[in-house]
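This is entry-v6.pdb (PDB, C-alpha atoms).
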```pdb
ATOM      1  CA  MET A 215      -4.913  24.953  19.322
ATOM      2  CA  ASN A 216      -3.339  28.390  18.803
ATOM      3  CA  PRO A 217      -5.917  30.860  17.336
ATOM      4  CA  PHE A 218      -3.371  31.935  14.741
ATOM      5  CA  PHE A 219      -3.061  28.373  13.419
ATOM      6  CA  LEU A 220      -6.856  28.052  13.258
ATOM      7  CA  PHE A 221      -7.024  31.253  11.231
ATOM      8  CA  PHE A 222      -4.161  30.070   9.021
ATOM      9  CA  ARG A 223      -5.856  26.758   8.205
ATOM     10  CA  LYS A 224      -9.173  28.474   7.404
ATOM     11  CA  PHE A 225      -7.328  31.031   5.287
ATOM     12  CA  ARG A 226      -5.564  28.270   3.335
ATOM     13  CA  LYS A 227      -8.782  26.355   2.694
ATOM     14  CA  TYR A 228     -10.527  29.549   1.631
ATOM     15  CA  SER A 229      -7.779  30.610  -0.789
ATOM     16  CA  ARG A 230      -7.480  27.205  -2.471
ATOM     17  CA  ASN A 231     -11.227  26.842  -3.030
ATOM     18  CA  HIS A 232     -11.747  30.382  -4.303
ATOM     19  CA  VAL A 233      -8.853  30.409  -6.757
ATOM     20  CA  MET A 234     -10.466  27.501  -8.600
ATOM     21  CA  LYS A 235     -13.869  29.207  -8.618
ATOM     22  CA  ALA A 236     -12.372  32.512  -9.751
ATOM     23  CA  SER A 237     -10.415  30.794 -12.547
ATOM     24  CA  LEU A 238     -13.512  29.030 -13.887
ATOM     25  CA  LEU A 239     -15.578  32.224 -13.682
ATOM     26  CA  THR A 240     -12.926  34.279 -15.513
ATOM     27  CA  ILE A 241     -12.546  31.677 -18.263
ATOM     28  CA  GLY A 242     -16.330  31.488 -18.639
ATOM     29  CA  VAL A 243     -16.612  35.279 -18.967
ATOM     30  CA  ILE A 244     -13.841  35.362 -21.610
ATOM     31  CA  ILE A 245     -15.444  32.586 -23.684
ATOM     32  CA  TYR A 246     -18.887  34.220 -23.479
ATOM     33  CA  SER A 247     -17.503  37.648 -24.378
ATOM     34  CA  VAL A 248     -15.503  36.432 -27.382
ATOM     35  CA  PHE A 249     -18.377  34.568 -29.038
ATOM     36  CA  SER A 250     -21.216  36.939 -28.087
ATOM     37  CA  GLU A 251     -19.465  40.112 -29.290
ATOM     38  CA  PHE A 252     -18.354  38.432 -32.492
ATOM     39  CA  TYR A 253     -21.919  37.232 -33.167
ATOM     40  CA  ILE A 254     -23.419  40.684 -32.435
ATOM     41  CA  GLU A 255     -20.830  42.935 -34.121
ATOM     42  CA  ASN A 256     -19.634  40.854 -37.062
ATOM     43  CA  ASN A 257     -22.485  41.999 -39.362
ATOM     44  CA  ILE A 258     -21.901  45.707 -38.643
ATOM     45  CA  ALA A 259     -19.523  47.053 -41.304
ATOM     46  CA  SER A 260     -18.160  49.934 -39.191
ATOM     47  CA  SER A 261     -17.484  47.654 -36.175
ATOM     48  CA  GLY A 262     -13.935  46.677 -35.340
ATOM     49  CA  ILE A 263     -14.830  43.067 -34.550
ATOM     50  CA  HIS A 264     -14.887  40.789 -37.632
ATOM     51  CA  SER A 265     -12.946  37.772 -36.337
ATOM     52  CA  LEU A 266     -12.802  35.683 -33.177
ATOM     53  CA  PHE A 267      -9.251  36.810 -32.500
ATOM     54  CA  THR A 268     -10.252  40.493 -32.728
ATOM     55  CA  SER A 269     -13.127  39.727 -30.372
ATOM     56  CA  LEU A 270     -10.660  38.100 -27.949
ATOM     57  CA  TRP A 271      -8.392  41.153 -28.215
ATOM     58  CA  TRP A 272     -11.331  43.445 -27.377
ATOM     59  CA  THR A 273     -12.343  41.186 -24.489
ATOM     60  CA  MET A 274      -8.897  41.222 -22.889
ATOM     61  CA  GLN A 275      -8.703  45.020 -23.230
ATOM     62  CA  THR A 276     -12.095  45.345 -21.605
ATOM     63  CA  ILE A 277     -11.777  43.063 -18.571
ATOM     64  CA  THR A 278      -8.238  44.271 -17.811
ATOM     65  CA  THR A 279      -9.390  47.927 -18.109
ATOM     66  CA  VAL A 280      -6.588  48.699 -20.594
ATOM     67  CA  GLY A 281      -8.985  49.968 -23.309
ATOM     68  CA  TYR A 282      -6.751  50.955 -26.227
ATOM     69  CA  GLY A 283      -9.841  51.953 -28.246
ATOM     70  CA  ASP A 284      -8.478  50.440 -31.464
ATOM     71  CA  THR A 285     -11.385  47.970 -31.704
ATOM     72  CA  PRO A 286     -14.621  49.994 -31.683
ATOM     73  CA  VAL A 287     -18.064  48.598 -30.928
ATOM     74  CA  TYR A 288     -20.960  50.541 -32.532
ATOM     75  CA  GLY A 289     -24.107  48.438 -32.227
ATOM     76  CA  LEU A 290     -26.554  49.098 -29.384
ATOM     77  CA  ALA A 291     -26.703  45.386 -28.558
ATOM     78  CA  GLY A 292     -22.933  45.117 -28.701
ATOM     79  CA  ARG A 293     -22.418  48.058 -26.369
ATOM     80  CA  THR A 294     -25.076  46.798 -23.940
ATOM     81  CA  ASN A 295     -23.442  43.387 -23.937
ATOM     82  CA  GLY A 296     -20.079  45.082 -23.494
ATOM     83  CA  MET A 297     -21.229  46.912 -20.353
ATOM     84  CA  ILE A 298     -22.347  43.623 -18.824
ATOM     85  CA  ILE A 299     -18.985  42.065 -19.714
ATOM     86  CA  MET A 300     -17.142  45.026 -18.151
ATOM     87  CA  VAL A 301     -18.900  44.647 -14.810
ATOM     88  CA  ILE A 302     -18.679  40.860 -14.607
ATOM     89  CA  GLY A 303     -15.261  40.571 -16.280
ATOM     90  CA  ILE A 304     -13.460  43.137 -14.160
ATOM     91  CA  GLY A 305     -15.010  41.622 -11.027
ATOM     92  CA  SER A 306     -14.062  38.050 -11.948
ATOM     93  CA  LEU A 307     -10.496  39.032 -12.876
ATOM     94  CA  GLY A 308     -10.107  40.967  -9.625
ATOM     95  CA  TYR A 309     -11.482  37.946  -7.777
ATOM     96  CA  LEU A 310      -8.876  35.740  -9.489
ATOM     97  CA  MET A 311      -5.997  38.132  -8.717
ATOM     98  CA  ALA A 312      -7.042  38.276  -5.061
ATOM     99  CA  GLY A 313      -7.140  34.468  -4.935
ATOM    100  CA  LEU A 314      -3.678  34.143  -6.490
ATOM    101  CA  THR A 315      -2.297  36.712  -4.058
ATOM    102  CA  SER A 316      -3.729  34.786  -1.126
ATOM    103  CA  MET A 317      -2.135  31.590  -2.495
ATOM    104  CA  LEU A 318       1.277  33.279  -2.556
ATOM    105  CA  ILE A 319       0.750  34.397   1.028
ATOM    106  CA  ASP A 320      -0.310  30.841   1.881
ATOM    107  CA  ILE A 321       2.873  29.414   0.367
ATOM    108  CA  ARG A 322       4.974  31.896   2.311
ATOM    109  CA  LEU A 323       3.185  31.164   5.578
ATOM    110  CA  SER A 324       3.348  27.412   4.947
ATOM    111  CA  SER A 325       7.093  27.599   4.416
ATOM    112  CA  LYS A 326       7.557  29.685   7.549
ATOM    113  CA  LEU A 327       5.418  27.428   9.721
ATOM    114  CA  GLY A 328       6.588  24.135   8.209
ATOM    115  CA  GLU A 329       3.113  23.271   6.930
ATOM    116  CA  ARG A 330       3.958  22.603   3.301
ATOM    117  CA  MET A 331       5.180  19.421   1.619
ATOM    118  CA  ALA A 332       8.812  19.249   0.535
ATOM    119  CA  ALA A 333       9.251  19.214  -3.247
ATOM    120  CA  GLU A 334      12.927  18.196  -3.310
ATOM    121  CA  LYS A 335      14.296  14.974  -4.795
ATOM    122  CA  LYS A 336      17.453  13.062  -3.840
ATOM    123  CA  HIS A 337      17.735  15.287  -0.782
ATOM    124  CA  ILE A 338      18.801  14.629   2.802
ATOM    125  CA  VAL A 339      16.210  14.601   5.564
ATOM    126  CA  LEU A 340      17.354  15.593   9.046
ATOM    127  CA  CYS A 341      14.953  14.388  11.727
ATOM    128  CA  ASN A 342      14.891  16.522  14.889
ATOM    129  CA  TYR A 343      16.864  19.700  15.446
ATOM    130  CA  ASN A 344      19.459  19.913  18.207
ATOM    131  CA  GLU A 345      23.076  20.960  18.617
ATOM    132  CA  SER A 346      24.304  17.930  16.659
ATOM    133  CA  THR A 347      21.912  18.768  13.815
ATOM    134  CA  LYS A 348      23.173  22.336  13.758
ATOM    135  CA  LYS A 349      26.805  21.228  13.459
ATOM    136  CA  VAL A 350      26.050  18.712  10.698
ATOM    137  CA  LEU A 351      23.984  21.326   8.879
ATOM    138  CA  GLU A 352      26.884  23.769   8.914
ATOM    139  CA  ARG A 353      29.049  21.158   7.177
ATOM    140  CA  ILE A 354      26.700  19.948   4.426
ATOM    141  CA  LYS A 355      24.678  23.026   3.492
ATOM    142  CA  TYR A 356      27.558  24.421   1.422
ATOM    143  CA  ASP A 357      27.881  21.259  -0.677
ATOM    144  CA  GLY A 358      24.886  22.061  -2.893
ATOM    145  CA  ILE A 359      22.747  19.328  -1.307
ATOM    146  CA  ASP A 360      19.058  19.981  -0.759
ATOM    147  CA  ILE A 361      18.176  19.633   2.921
ATOM    148  CA  VAL A 362      14.808  19.113   4.598
ATOM    149  CA  ILE A 363      14.518  19.359   8.382
ATOM    150  CA  LEU A 364      11.616  17.583  10.073
ATOM    151  CA  ASN A 365      11.085  18.952  13.553
ATOM    152  CA  GLU A 366       8.153  19.361  15.937
ATOM    153  CA  ASN A 367       9.000  22.958  16.840
ATOM    154  CA  GLU A 368       9.574  25.932  14.594
ATOM    155  CA  ILE A 369      13.213  26.689  13.814
ATOM    156  CA  LYS A 370      13.999  30.370  14.155
ATOM    157  CA  GLY A 371      16.003  32.264  11.582
ATOM    158  CA  ASP A 372      15.994  32.632   7.804
ATOM    159  CA  ASN A 373      17.645  29.455   6.545
ATOM    160  CA  GLU A 374      18.492  27.926   3.192
ATOM    161  CA  TYR A 375      16.825  24.602   3.910
ATOM    162  CA  THR A 376      13.200  23.463   3.804
ATOM    163  CA  PHE A 377      11.517  23.180   7.176
ATOM    164  CA  VAL A 378       8.639  20.742   7.700
ATOM    165  CA  LYS A 379       6.843  20.834  11.015
ATOM    166  CA  GLY A 380       5.989  17.364  12.294
ATOM    167  CA  SER A 381       7.094  14.232  14.106
ATOM    168  CA  PHE A 382       9.653  11.720  12.859
ATOM    169  CA  LEU A 383       7.373   8.996  14.257
ATOM    170  CA  ARG A 384       4.380   9.803  12.005
ATOM    171  CA  GLU A 385       4.167   8.467   8.474
ATOM    172  CA  ASN A 386       2.281  11.481   7.106
ATOM    173  CA  ASP A 387       4.883  13.905   8.425
ATOM    174  CA  LEU A 388       7.733  11.823   7.009
ATOM    175  CA  ILE A 389       5.964  11.744   3.637
ATOM    176  CA  ARG A 390       5.547  15.526   3.759
ATOM    177  CA  ALA A 391       9.304  15.748   4.325
ATOM    178  CA  GLY A 392       9.754  13.857   1.031
ATOM    179  CA  ILE A 393      11.116  10.693   2.598
ATOM    180  CA  LYS A 394      10.026   8.598  -0.401
ATOM    181  CA  LYS A 395      12.215  10.665  -2.739
ATOM    182  CA  ALA A 396      15.121  11.319  -0.369
ATOM    183  CA  SER A 397      18.552   9.731  -0.785
ATOM    184  CA  SER A 398      19.479   9.749   2.908
ATOM    185  CA  VAL A 399      17.997  10.460   6.308
ATOM    186  CA  ILE A 400      19.769  11.275   9.551
ATOM    187  CA  ILE A 401      17.826  10.569  12.740
ATOM    188  CA  PHE A 402      18.997  12.650  15.684
ATOM    189  CA  SER A 403      17.809  12.076  19.231
ATOM    190  CA  ARG A 404      15.101  14.471  20.386
ATOM    191  CA  ALA A 405      16.514  15.034  23.884
ATOM    192  CA  GLU A 406      19.507  13.919  25.893
ATOM    193  CA  ASP A 407      18.144  14.592  29.379
ATOM    194  CA  LYS A 408      15.482  11.872  29.124
ATOM    195  CA  ASP A 409      15.715   8.083  29.352
ATOM    196  CA  GLN A 410      18.372   7.015  26.854
ATOM    197  CA  MET A 411      16.773   3.666  26.087
ATOM    198  CA  GLY A 412      13.468   5.428  25.481
ATOM    199  CA  MET A 413      15.070   7.903  23.076
ATOM    200  CA  ASP A 414      16.867   5.082  21.279
ATOM    201  CA  ALA A 415      13.593   3.148  20.986
ATOM    202  CA  GLU A 416      12.005   6.176  19.309
ATOM    203  CA  ASN A 417      14.897   6.434  16.826
ATOM    204  CA  ILE A 418      14.697   2.727  16.000
ATOM    205  CA  LEU A 419      10.918   2.932  15.546
ATOM    206  CA  SER A 420      11.371   5.896  13.224
ATOM    207  CA  ALA A 421      13.951   3.930  11.224
ATOM    208  CA  MET A 422      11.458   1.068  10.878
ATOM    209  CA  ILE A 423       8.785   3.443   9.528
ATOM    210  CA  ILE A 424      11.239   5.103   7.149
ATOM    211  CA  ARG A 425      12.474   1.743   5.857
ATOM    212  CA  LYS A 426       8.891   0.734   5.110
ATOM    213  CA  LEU A 427       8.224   3.993   3.227
ATOM    214  CA  ASN A 428      11.487   3.900   1.260
ATOM    215  CA  PRO A 429      13.396   0.586   1.250
ATOM    216  CA  GLU A 430      16.286   2.100  -0.760
ATOM    217  CA  ILE A 431      17.019   5.099   1.461
ATOM    218  CA  ARG A 432      20.236   5.273   3.487
ATOM    219  CA  ILE A 433      19.425   5.628   7.185
ATOM    220  CA  ILE A 434      21.970   7.122   9.568
ATOM    221  CA  GLY A 435      20.898   7.035  13.193
ATOM    222  CA  GLU A 436      22.165   8.553  16.415
ATOM    223  CA  ILE A 437      22.063   6.224  19.430
ATOM    224  CA  LEU A 438      22.610   7.293  23.035
ATOM    225  CA  ASN A 439      23.061   3.880  24.668
ATOM    226  CA  PRO A 440      25.582   1.359  23.238
ATOM    227  CA  ASP A 441      23.244  -1.490  24.236
ATOM    228  CA  SER A 442      20.803  -0.296  21.549
ATOM    229  CA  ARG A 443      23.241  -0.937  18.689
ATOM    230  CA  GLU A 444      22.159  -4.554  18.137
ATOM    231  CA  HIS A 445      18.502  -3.601  17.698
ATOM    232  CA  ALA A 446      19.273  -0.517  15.610
ATOM    233  CA  SER A 447      21.532  -2.376  13.181
ATOM    234  CA  SER A 448      18.527  -4.201  11.708
ATOM    235  CA  PHE A 449      17.071  -0.953  10.346
ATOM    236  CA  MET A 450      19.926   1.567  10.189
ATOM    237  CA  ASP A 451      22.773   1.514   7.683
ATOM    238  CA  ASP A 452      25.109   3.587   9.841
ATOM    239  CA  ILE A 453      24.903   3.910  13.624
ATOM    240  CA  ILE A 454      26.549   6.724  15.550
ATOM    241  CA  ILE A 455      26.768   6.213  19.296
ATOM    242  CA  LYS A 456      26.882   9.640  20.874
ATOM    243  CA  GLY A 457      29.951   9.966  23.067
ATOM    244  CA  ASP A 458      31.837   6.972  21.677
ATOM    245  CA  VAL A 459      33.889   8.956  19.176
ATOM    246  CA  SER A 460      34.798  11.679  21.656
ATOM    247  CA  SER A 461      35.821   9.041  24.220
ATOM    248  CA  MET A 462      38.084   7.326  21.715
ATOM    249  CA  LEU A 463      39.667  10.641  20.729
ATOM    250  CA  ILE A 464      40.370  11.459  24.379
ATOM    251  CA  TYR A 465      42.026   8.064  24.841
ATOM    252  CA  SER A 466      44.006   8.501  21.608
ATOM    253  CA  SER A 467      45.276  11.907  22.711
ATOM    254  CA  ILE A 468      46.747  10.243  25.809
ATOM    255  CA  MET A 469      48.528   7.565  23.771
ATOM    256  CA  ILE A 470      49.392   9.775  20.768
ATOM    257  CA  PRO A 471      49.418  13.488  21.650
ATOM    258  CA  GLY A 472      47.909  15.685  18.930
ATOM    259  CA  ILE A 473      45.861  12.923  17.283
ATOM    260  CA  PRO A 474      42.429  14.626  17.832
ATOM    261  CA  GLU A 475      43.587  17.772  16.030
ATOM    262  CA  PHE A 476      45.063  15.660  13.239
ATOM    263  CA  ILE A 477      41.826  13.691  12.734
ATOM    264  CA  ASN A 478      39.753  16.869  12.857
ATOM    265  CA  ASP A 479      41.952  18.521  10.209
ATOM    266  CA  LEU A 480      41.766  15.391   8.071
ATOM    267  CA  LEU A 481      37.964  15.133   8.223
ATOM    268  CA  THR A 482      37.344  18.831   7.629
ATOM    269  CA  SER A 483      39.713  19.039   4.661
ATOM    270  CA  ASP A 484      39.049  17.969   1.078
ATOM    271  CA  SER A 485      41.805  15.359   1.157
ATOM    272  CA  ILE A 486      39.640  12.246   1.595
ATOM    273  CA  SER A 487      37.866  10.995  -1.530
ATOM    274  CA  GLU A 488      36.197   7.863  -2.834
ATOM    275  CA  GLU A 489      36.322   6.442  -6.355
ATOM    276  CA  ASP A 490      35.014   3.330  -8.065
ATOM    277  CA  VAL A 491      37.595   0.655  -8.787
ATOM    278  CA  ASP A 492      38.250   0.575 -12.523
ATOM    279  CA  LYS A 493      37.362  -2.781 -14.084
ATOM    280  CA  GLY A 494      40.863  -2.949 -15.522
ATOM    281  CA  TYR A 495      42.226  -3.517 -12.024
ATOM    282  CA  MET A 496      39.938  -6.407 -11.104
ATOM    283  CA  ASP A 497      42.563  -8.995 -12.074
ATOM    284  CA  ARG A 498      45.072  -7.357  -9.717
ATOM    285  CA  THR A 499      45.719  -8.218  -6.079
ATOM    286  CA  TYR A 500      45.115  -5.827  -3.186
ATOM    287  CA  SER A 501      48.877  -5.302  -2.782
ATOM    288  CA  GLU A 502      49.358  -4.517  -6.470
ATOM    289  CA  PHE A 503      46.418  -2.122  -6.521
ATOM    290  CA  ILE A 504      47.656  -0.233  -3.447
ATOM    291  CA  HIS A 505      51.132   0.012  -4.989
ATOM    292  CA  ILE A 506      49.717   1.422  -8.244
ATOM    293  CA  MET A 507      47.597   3.980  -6.390
ATOM    294  CA  GLU A 508      50.590   5.137  -4.340
ATOM    295  CA  LYS A 509      52.440   5.869  -7.591
ATOM    296  CA  GLU A 510      49.512   8.152  -8.429
ATOM    297  CA  ASN A 511      49.890   9.911  -5.042
ATOM    298  CA  LYS A 512      46.779   8.238  -3.621
ATOM    299  CA  ILE A 513      47.132   6.662  -0.182
ATOM    300  CA  VAL A 514      44.475   3.950   0.066
ATOM    301  CA  LEU A 515      42.727   3.887   3.444
ATOM    302  CA  ALA A 516      39.876   1.430   2.912
ATOM    303  CA  PHE A 517      37.689  -0.440   0.442
ATOM    304  CA  ARG A 518      33.921  -0.524   0.053
ATOM    305  CA  LYS A 519      31.795  -3.542  -0.851
ATOM    306  CA  ASN A 520      28.013  -3.830  -0.522
ATOM    307  CA  ASP A 521      27.867  -0.563   1.462
ATOM    308  CA  LYS A 522      30.387  -1.911   3.982
ATOM    309  CA  ILE A 523      33.791  -0.313   4.457
ATOM    310  CA  TYR A 524      36.872  -2.440   5.174
ATOM    311  CA  LEU A 525      40.303  -1.191   6.187
ATOM    312  CA  ARG A 526      43.033  -1.637   3.568
ATOM    313  CA  LYS A 527      44.854  -4.916   3.498
ATOM    314  CA  ASN A 528      48.090  -5.792   1.760
ATOM    315  CA  SER A 529      47.442  -9.286   0.516
ATOM    316  CA  ASP A 530      47.784 -11.388  -2.603
ATOM    317  CA  GLU A 531      44.045 -11.936  -2.852
ATOM    318  CA  LYS A 532      42.259 -10.731  -5.971
ATOM    319  CA  LEU A 533      40.391  -7.434  -5.734
ATOM    320  CA  ASP A 534      36.742  -8.014  -4.904
ATOM    321  CA  VAL A 535      35.428  -4.553  -4.026
ATOM    322  CA  GLU A 536      33.370  -1.777  -5.618
ATOM    323  CA  SER A 537      35.324   1.335  -4.626
ATOM    324  CA  TYR A 538      38.217   2.582  -2.559
ATOM    325  CA  ILE A 539      38.686   5.466  -0.138
ATOM    326  CA  PHE A 540      41.964   7.339  -0.278
ATOM    327  CA  ILE A 541      43.867  10.444   0.783
ATOM    328  CA  LYS A 542      44.840  12.467  -2.253
ATOM    329  CA  ASN A 543      47.981  14.520  -2.476
TER     330      ASN A 543
END
```
Can you give me the file's structure in the form of C-alpha cells?
Amino acid sequence: MNPFFLFFRKFRKYSRNHVMKASLLTIGVIIYSVFSEFYIENNIASSGIHSLFTSLWWTMQTITTVGYGDTPVYGLAGRTNGMIIMVIGIGSLGYLMAGLTSMLIDIRLSSKLGERMAAEKKHIVLCNYNESTKKVLERIKYDGIDIVILNENEIKGDNEYTFVKGSFLRENDLIRAGIKKASSVIIFSRAEDKDQMGMDAENILSAMIIRKLNPEIRIIGEILNPDSREHASSFMDDIIIKGDVSSMLIYSSIMIPGIPEFINDLLTSDSISEEDVDKGYMDRTYSEFIHIMEKENKIVLAFRKNDKIYLRKNSDEKLDVESYIFIKN
C-alpha cells in the first residue's frame, strides 16, 4: 500500500481517538475548577468568587488565557489551586484545539481521497467514471441535484460533487456512497476495451447488490452487448445499450435528413415535461384528453404507468395512466 495512505489512516485513527480524550479531559478540568475554587474562595469576603457561575467565569478566563482580572482570587489555597488549573487547563484546551484541527484536516483529506461516507439524501449515485459519466455529469450538475461518484481511482479537479473511492461491486463501498438513501443510481461500464460480456456481467452483479441494499432505488444501467439485455432487465429499471442510440440516429439521418440535430435540440431544451394526470380527467378517453391538452398548447408524446412509458394513442379507451409526457409551447 502507498506509504501516504498508511500515514493517512494512522493520522485519522490518532485524531479521532485523541479528540475524545481531550474533550473529556477539558470538561473534567472545568468541572473541577468551578467547584474547587468556589469551595475555597466563597468564604473569603474580598474574593470575587461567591457563586458557581462566577467561578465558571473565572475558570473560562483562566484556561483560555484571557484573564480580564475582574474576578480576583485572594486566598493562598485559591491561588495555589488556580496555578494548577492554569497549567492543566491551558494544556488540555490546547490539546483539544489540536485534536479538532486534525479532524478538520482529516475531513478535508477524506473528501479529497474519497475515503469519507456520503451524507447526502435523495441523491444520484454514478458508478464508475468515464467519458459517458462526464457527459451525464455536465447535464445534471446544474439541476440542483446532489451527486455522488463511486470510482476506484481518484478523480482529478475541484468538483461540486462528492467523490467516494471504492468499487461498485462491494457492498461496503456502495453503502459509503449512500446507496441506501439515494433516489437513483447510474451504472456505467468500467472499460470498453475489455470483454463486453464480462463488463455487462459486472454491471448486472452490481445492480443485484444495489437492489438488495435498496429495493426502492431506480437503477439505470449501461450495457455494451445487446444480448445482455434479457439478464439485466431483471434488476435494472432502465437499460441503455451503448451504441444503439447512435446507430438509430445515423439510420434516421439517412431516411430523414436533419433528424439527429432535431432530437438533440429537443432533448437539450426545456420543452419536454411530465405532469401527473389530474383525477378530473380519469373519466375521459385518451383521444379526449389529448384534444384537451392540445388546446392548452401541450403536445402529448407518451403516458406513464407503473414506471413504464407508452407512446400516445388516440383511442376511445378510458384513461388508465399516472402521468403524461408532453412538449410545452
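Nearest to His445 in chain A of all the residues A:Gly283, A:Phe476, A:Met411, A:Phe503 is A:Met411, based on all atoms listed in the file.
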I need the residue set behind the PyMOL selection byres ((chain A and resi 537) around 9) for this file; please write it as a ChimeraX atom specification. /A:488-492,516-519,535-536,538-539
re CA of Thr279 in chain A and CA of Ser237 in chain A: distance 18.0 Å
Students should find that CA of His337 in chain A and CA of Ile401 in chain A are spaced 14.3 Å
Can you turn the PyMOL selection byres ((chain A and resi 384) around 12) into a concrete residue list for this file, as a count of residues only?
25
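CA of Glu352 in chain A to CA of Phe377 in chain A spans 15.5 Å [interatomic distance, one decimal].
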Contacts of range 298-303 of chain A within 8 Å, all atoms listed in the file, excl. fewer than 6 positions in-chain, as a ChimeraX atom specification
/A:240,243-244,247,276-277
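In this comparison, which uses all atoms listed in the file, the residue of A:Asp530, A:Met507, A:Lys235, A:Asn342 approaching Asn367 in chain A most closely is A:Asn342.
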